[in-house]
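The structure appears below as structure tokens.
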Number of protein chains: 2
Amino acid sequence: MVDVFTGTTVGQSVAIYDGIVVGFGDYKAKQIIELNGEFLLLGFIESHIHIESSCLAPQNFADAVIPHGTTTVIADPHEIANVLGIEGIDLMLEWGRATPIEFFFMLPSCVPSTSMETAGAKLEASDMLPFHDDPNILRIAEMMNYPGAIYGNQQVLEKLSMSGKGQRIDGHAPGLMGKKLSAYCIAGPRTDHECSTKGEALEKLARGMIVMIRKGSSAKNLQELIPLVNPSNERRYVFVSDDRSASDLVKSGHLDNSLRKAVKAGLDPLIAIRMVTINPAEAYDLRKKGAIAPGYKTDLVTVKDLVEFEVTKTWKSGEIIYNNNQTSDGNGIKTSLKVKSSTLPIPQVEISKFTLKPLSNKIKVINIVPDQIETKMSIEEVDISSGHVEIDSSRDILKLIVIERYTGKGNYSIGFVNGFGIENGAIASTVAHDSHNLIICGYNDLSMKVAANHLVKIGGGLVVVKDDTVVADLSLPVAGIMSYQNANDVAQSEKILNAAAKKLVLNCLSPS
Amino acid sequence: MVDVFTGTTVGQSVAIYDGIVVGFGDYKAKQIIELNGEFLLLGFIESHIHIESSCLAPQNFADAVIPHGTTTVIADPHEIANVLGIEGIDLMLEWGRATPIEFFFMLPSCVPSTSMETAGAKLEASDMLPFHDDPNILRIAEMMNYPGAIYGNQQVLEKLSMSGKGQRIDGHAPGLMGKKLSAYCIAGPRTDHECSTKGEALEKLARGMIVMIRKGSSAKNLQELIPLVNPSNERRYVFVSDDRSASDLVKSGHLDNSLRKAVKAGLDPLIAIRMVTINPAEAYDLRKKGAIAPGYKTDLVTVKDLVEFEVTKTWKSGEIIYNNNQTSDGNGIKTSLKVKSSTLPIPQVEISKFTLKPLSNKIKVINIVPDQIETKMSIEEVDISSGHVEIDSSRDILKLIVIERYTGKGNYSIGFVNGFGIENGAIASTVAHDSHNLIICGYNDLSMKVAANHLVKIGGGLVVVKDDTVVADLSLPVAGIMSYQNANDVAQSEKILNAAAKKLVLNCLSPS
């Protein structure tokens with residue numbers, strides 16, 4: 001058994017009764033489970049994730065992470081709240097309670113995330129008050145509007161001041177350092193999962209922030225930050241996912257993967273384990289979680305060793321919910337709760353919507369930087385002889401159109417993008433951070449129209465169109481961002497979508 | 001500056017505004033304080049003390065500890081609550097708020113402490129509910145009735161279950177280990193300050209308890225336990241006093257003394273400092289205390305070095321409240337609040353009260369063990385030829401009489417004690433743990449009567465009587481257990497009392 005309080009492994013029996021640890025050593029037992037040299041750990045705690053990033057509803061997300069040892073998830077329902085508002089938060093709480101593991105939620109602090117795009121809801125501090133007494137609400141999710149916090153925007157400060165004694169506020173401040181970081185910390189946030197360099201992480205640590213070392217599907221900071229963790233500061237670090245695709249969950253796992261990578265990068269496994277057990281429990285004041293101790297919940301896992309962290313069994317509240325010797329289809333969506341609101345009230349799309357009258361022959365083009373979230377911008381000369389700004393797929397200058405999906409008016413914006421390299425089709429998605437409108441990129445107006453109308457027809461999701469034909473799609477009926485399917489099925493669809501999308505890229509401009 | 005998050009010292013300016021830390025580095029300032037090579041630390045946090053043990057009211061206690069760097073005190077008003085009940089807790093809260101430092105209180109869980117003695121109050125869980133919303137109440141003080149917790153006494157469990165989310169319960173379980181310790185932990189306590197051996201401390205640590213390393217005036221466990229503290233477990237330790245006499249405060253200091261002793265015993269000073277700053281702040285979820293970080297309160301101290309920890313200045317909420325270059329008389333008692341209840345309604349004591357008719361010529365005698373709190377018991381033969389059990393000072397068998405001071409009836413009990421060695425007088429006290437009745441020990445009935453009546457006259461305190469004459473006393477008008485005087489005056493009285501008491505001991509039987 002790993003004892004996270006003393007940082008040691010101990011050979012002893014653990015007595016369990018009624019879902020809690022009651023003692024150690026010899027007790028009379030109705031059932032004895034021999035571990036045969038495997039290690040008993042506390043179930044892993046995910047401190048920060050947007051479940052929506054997996055395109056899985058909480059029940060299917062739970063089924064996907066339980067075999068990887070996760071028993072507690074602290075999630076920010078930021079995406080669904082941007083689409084459905086309060087209804088989205090209610091839905092996640094309800095679905096979370098229907099899973100075999102424990103979901104906590106932070107209240108999304110940035111709905112909408114920007115004033116430059118239409119979102120599905122606007123949540124002020126007062127709108128979220130009814131959630132404050134919910135035992136599964138730990139309070140304020142990542143405050144992304146760090147300029148607002150630093151310069152004293154009143155709505156921002158109202159949200160941050162909702163957090164009473166013992167309640168937590170998460171931060172989000174990529175690259176923020178110096179006096180502005182201090183100002184941000186004063187406003188309340190005490191965690192940050194956006195550190196990408198050692199210097200940034202060390203400064204945030206010194207300012208009192210819990211540094212969340214992220215190993216997500218998009219953003220990955222583990223290799224950079226692991227060398228910082230040492231016995232003098234390890235209590236201030238936790239591992240988080242932030243985002244995690246269904247494909248990555250199926251292929252690489254969840255926090256077990258962070259443990260594996262961290263130990264391979266040289267971290268003491270007993271420190272690594274604390275970063276997904278006692279450290280997050282203390283960070284969020286989860287008093288009956290984080291350790292195997294009397295009165296604590298028996299959320300447990302067994303692993304074969306402390307190198308690969310291959311999970312063999314997972315317990316929640318004393319019940320085995322995963323056993324690698326037994327196959328299971330998972331529990332899947334059990335609740336009858338479905339999304340009530342129509343989230344894609346977009347009128348049928350016509351090609352006329354995609355034409356852009358030029359102001360000059362010079363346009364701004366978004367430049368994708370491979371493997372980065374950030375983009376750059378360039379000015380390009382284009383052909384406007386037809387009276388319209390034309391796509392130039394030979395130079396990889398494609399159209400990028402966002403159609404607003406909330407008001408029913410079908411308002412839209414047209415831009416241009418370099419880096420997709422599409423030469424014979426279009427891709428479209430209703431997963432489009434953070435407002436999740438319908439976004440389409442294509443080499444001509446017809447294929448873009450086909451892609452958009454297909455997503456409207458299926459109620460949201462992802463689609464790949466070749467010429468004027470749909471060749472792959474993934475339906476996301478939950479607010480246009482999540483599926484009712486399980487992780488394997490979603491991962492399989494993602495694989496087919498990716499393969500289909502790559503076929504559109506004849507020259508394969510992207511290094512990946 | 002000592003950074004407790006990273007466990008390092010950093011050379012940088014700290015910017016302070018309106019009582020909080022606002023940043024680091026260069027800021028425009030109204031006032032600049034140069035530290036000239038001294039170390040800036042967070043003000044020390046005392047996690048567990050009975051202030052009454054110093055015989056000082058909170059205001060004078062504050063004046064005594066501020067020069068030693070203490071800025072936050074978490075106290076258990078167990079003694080005064082046993083005398084005055086709710087009025088005593090109210091008094092400590094009110095007086096605590098009138099000091100320059102910050103006092104938090106835990107709600108006494110054991111009033112009365114025993115059913116074998118009359119106390120001044122009986123507090124059930126429901127009596128303490130009105131305190132629950134007080135921001136200076138951190139919840140349940142040390143549950144000394146560990147058998148009650150282990151075996152499920154209903155009143156005990158009611159008190160322990162008062163503690164809601166984020167609230168804390170202190171423990172008190174000397175020597176408790178094994179299955180009983182696990183049962184005790186399940187009932188709720190998460191700290192223990194009674195560990196006297198390494199094995200006990202390590203087991204309590206592994207069961208999830210914060211181990212409070214005690215350096216009090218009576219009980220001292222620091223030298224024994226310090227070797228246990230290492231980088232893998234240091235976050236689970238704090239330093240506490242539990243009890244601390246005015247004399248020790250004046251002579252040796254407070255938590256600065258624990259730091260000194262710990263570092264001299266080999267502990268890394270940066271770990272020792274955490275044990276009086278961030279560790280207690282995290283243990284009690286004091287979110288704006290424990291570190292020098294943005295948004296944290298500017299409760300600060302400067303020390304000359306990290307070996308002797310000689311405090312040169314103390315700040316509370318940004319104001320200098322102690323400066324070793326300036327003399328100060330302290331603030332003393334400022335509030336007009338005084339004890340309302342008469343706490344010594346004892347009728348005039350007559351000698352007849354002190355005679356004991358024998359059941360046989362064999363009596364039980366309490367044997368004092370030098371330097372220990374625990375006592376032993378022996379059976380002795382005594383002279384009963386007069387029809388009474390006689391004191392035999394030649395064999396150091398003295399009378400020990402407890403007169404109940406709460407009902408006005410003057411009920412009393414008579415016992416015999418070996419180990420005081422008094423040969424020509426009596427000593428008496430209304431500080432008598434935990435019920436604080438009037439206790440008298442003497443070599444004959446007359447001197448004991450004089451001692452008792454003197455304490456009744458002065459409203460409680462300590463007294464030394466030689467033959468039939470009062471030779472030294474300390475008046476304790478606050479519930480018979482605390483003075484309105486400052487620490488120096490109380491310490492001076494204690495010195496005189498100790499010297500006078502020693503003169504009663506002709507053969508000086510005690511090794512001290």
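By convention in this document, the chains of the structure tokens carry letters A, B, ... by their order, each chain's residues are numbered from 1, and ligands are numbered from 1 in the order they are shown.
Those residues of stretch 432-461 of chain A that DSSP, working from the backbone, places in strand (DSSP E or B) are Leu438, Ile439, Ile440, Cys441, Gly442 and Gly461 of chain A.
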Distance limit 7 Å, atoms considered: only C-alpha atoms. Which chain B residues sit that close to chain A? Return them as a count of residues only.
23
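One finds atom CA of B:Cys441 at 24.8 Å from atom CA of B:Leu84.
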Could you find all residues in stretch 200-425 of chain B that DSSP calls helix (DSSP H, G or I) from the backbone, and write them as a ChimeraX atom specification?
/B:200-206,222-228,234-236,246-252,255-264,269-274,278-283,351-354,393-395
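Here atom CA of A:Glu102 and atom CA of A:Lys289 stand 10.9 Å from one another.
The neighbours of B:Lys503 here are the residues that come within 9 Å of it, using only C-alpha atoms and leaving out any residue fewer than 5 positions away in the same chain; they are Ile422, Asn424, Lys466, Asn498 and Cys508 of chain B.
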Write the residues of the selection above to a file with C-alpha atoms, as a PDB file, in the first residue's frame.
ATOM      1  CA  ILE B 422       5.618  20.326  52.558  1.00  0.00           C
ATOM      2  CA  ASN B 424       5.402  23.800  57.529  1.00  0.00           C
ATOM      3  CA  LYS B 466       3.621  29.284  55.960  1.00  0.00           C
ATOM      4  CA  ASN B 498       7.745  29.178  43.543  1.00  0.00           C
ATOM      5  CA  CYS B 508      13.462  19.307  49.395  1.00  0.00           C
TER       6      CYS B 508
END
Nearest to B:Ala62: which of B:Val339, B:Ala428, B:Ala246, B:Leu259 is it, counting only C-alpha atoms?
B:Ala246
Distance query B:Thr302 at most 9 Å, only C-alpha atoms, self and fewer than 2 positions along chain excluded, as a VMD selection string:
chain B and resid 35 38 to 43 69 300 304 to 305 309 to 315
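Separating atom CA of B:Lys122 from atom CA of B:Glu87 is a distance of 12.0 Å.
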Nearby residues (only C-alpha atoms) at most 8 Å from stretch 45-57 of chain A, same-chain spacing under 3 positions excluded, as a VMD selection string
chain A and resid 60 to 61 70 to 80 95 238 to 246 255 276 to 277 280 to 281 290 333 476 478 481 to 487 490
Residue subset to file, keeping N, CA and C atoms, as a compact mmCIF listing (two decimals), in the first residue's frame:
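Just written: part-v9.txt:
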# COMPACT_ATOMS: atom_id res chain seq x y z
N ASN A 60 -20.24 8.07 -20.20
CA ASN A 60 -19.30 7.36 -21.07
C ASN A 60 -17.86 7.78 -20.80
N PHE A 61 -17.68 9.02 -20.36
CA PHE A 61 -16.35 9.45 -19.94
C PHE A 61 -15.91 8.61 -18.74
N THR A 70 -9.13 6.31 -12.52
CA THR A 70 -9.71 7.58 -12.09
C THR A 70 -11.01 7.32 -11.32
N THR A 71 -11.11 7.89 -10.12
CA THR A 71 -12.34 7.72 -9.33
C THR A 71 -12.98 9.07 -8.97
N THR A 72 -12.26 10.15 -9.17
CA THR A 72 -12.80 11.48 -8.88
C THR A 72 -12.40 12.44 -10.00
N VAL A 73 -13.36 13.23 -10.45
CA VAL A 73 -13.09 14.18 -11.53
C VAL A 73 -13.63 15.55 -11.14
N ILE A 74 -12.76 16.54 -11.18
CA ILE A 74 -13.20 17.92 -10.99
C ILE A 74 -13.21 18.57 -12.37
N ALA A 75 -14.40 18.90 -12.84
CA ALA A 75 -14.54 19.34 -14.23
C ALA A 75 -15.08 20.76 -14.30
N ASP A 76 -14.70 21.41 -15.36
CA ASP A 76 -15.25 22.73 -15.66
C ASP A 76 -16.15 22.58 -16.87
N PRO A 77 -17.47 22.69 -16.69
CA PRO A 77 -18.39 22.51 -17.83
C PRO A 77 -18.50 23.77 -18.67
N HIS A 78 -17.35 24.33 -18.97
CA HIS A 78 -17.27 25.60 -19.68
C HIS A 78 -17.89 25.52 -21.06
N GLU A 79 -17.63 24.42 -21.78
CA GLU A 79 -18.08 24.35 -23.17
C GLU A 79 -19.59 24.23 -23.24
N ILE A 80 -20.15 23.30 -22.46
CA ILE A 80 -21.60 23.11 -22.57
C ILE A 80 -22.34 24.32 -22.00
N TRP A 95 -25.88 14.04 -14.88
CA TRP A 95 -25.18 12.91 -15.50
C TRP A 95 -24.00 12.46 -14.64
N VAL A 238 0.02 19.38 -9.09
CA VAL A 238 -0.89 18.27 -9.40
C VAL A 238 -0.82 18.01 -10.91
N PHE A 239 -1.25 16.81 -11.30
CA PHE A 239 -1.37 16.50 -12.73
C PHE A 239 -2.81 16.73 -13.18
N VAL A 240 -2.97 17.35 -14.34
CA VAL A 240 -4.31 17.52 -14.90
C VAL A 240 -4.30 17.23 -16.40
N SER A 241 -5.51 17.07 -16.95
CA SER A 241 -5.63 16.81 -18.38
C SER A 241 -6.03 18.07 -19.14
N ASP A 242 -6.91 18.87 -18.55
CA ASP A 242 -7.48 20.06 -19.19
C ASP A 242 -8.38 19.63 -20.34
N ASP A 243 -7.79 19.07 -21.37
CA ASP A 243 -8.61 18.46 -22.41
C ASP A 243 -8.07 17.07 -22.71
N ARG A 244 -8.92 16.20 -23.18
CA ARG A 244 -8.51 14.81 -23.45
C ARG A 244 -9.49 14.20 -24.46
N SER A 245 -8.99 13.85 -25.62
CA SER A 245 -9.88 13.28 -26.64
C SER A 245 -10.21 11.83 -26.32
N ALA A 246 -11.35 11.37 -26.86
CA ALA A 246 -11.72 9.96 -26.68
C ALA A 246 -10.63 9.06 -27.23
N LEU A 255 -4.88 9.66 -16.17
CA LEU A 255 -3.82 10.10 -15.25
C LEU A 255 -2.76 9.02 -15.07
N VAL A 276 -1.66 13.04 -7.91
CA VAL A 276 -3.03 12.69 -8.35
C VAL A 276 -3.87 12.18 -7.19
N THR A 277 -3.37 12.34 -5.94
CA THR A 277 -4.13 11.84 -4.78
C THR A 277 -4.23 12.94 -3.70
N PRO A 280 -4.23 16.98 -4.95
CA PRO A 280 -5.51 17.56 -5.37
C PRO A 280 -6.56 17.55 -4.26
N ALA A 281 -6.57 16.51 -3.41
CA ALA A 281 -7.55 16.49 -2.31
C ALA A 281 -7.35 17.69 -1.40
N GLY A 290 -8.01 11.38 -1.05
CA GLY A 290 -6.59 11.70 -1.17
C GLY A 290 -5.66 10.71 -0.52
N ILE A 333 -24.88 5.60 -20.85
CA ILE A 333 -25.89 6.58 -20.43
C ILE A 333 -27.08 5.85 -19.82
N LEU A 476 -22.90 14.74 -32.92
CA LEU A 476 -22.74 15.14 -31.52
C LEU A 476 -24.04 15.79 -31.05
N VAL A 478 -25.49 16.02 -28.23
CA VAL A 478 -25.53 16.74 -26.95
C VAL A 478 -24.92 18.12 -27.15
N ILE A 481 -21.74 19.20 -29.17
CA ILE A 481 -20.34 19.02 -28.75
C ILE A 481 -20.07 17.66 -28.10
N MET A 482 -21.10 16.92 -27.75
CA MET A 482 -20.88 15.61 -27.14
C MET A 482 -21.79 14.56 -27.78
N SER A 483 -21.28 13.32 -27.71
CA SER A 483 -21.98 12.18 -28.27
C SER A 483 -22.69 11.40 -27.17
N TYR A 484 -23.65 10.56 -27.55
CA TYR A 484 -24.19 9.58 -26.60
C TYR A 484 -23.45 8.25 -26.71
N GLN A 485 -22.48 8.19 -27.61
CA GLN A 485 -21.76 6.92 -27.83
C GLN A 485 -20.64 6.74 -26.80
N ASN A 486 -20.10 5.52 -26.76
CA ASN A 486 -19.01 5.25 -25.84
C ASN A 486 -17.66 5.65 -26.44
N ALA A 487 -16.63 5.59 -25.63
CA ALA A 487 -15.31 6.10 -26.05
C ALA A 487 -14.76 5.37 -27.26
N VAL A 490 -16.60 6.57 -30.36
CA VAL A 490 -16.21 7.94 -30.72
C VAL A 490 -14.78 7.95 -31.27
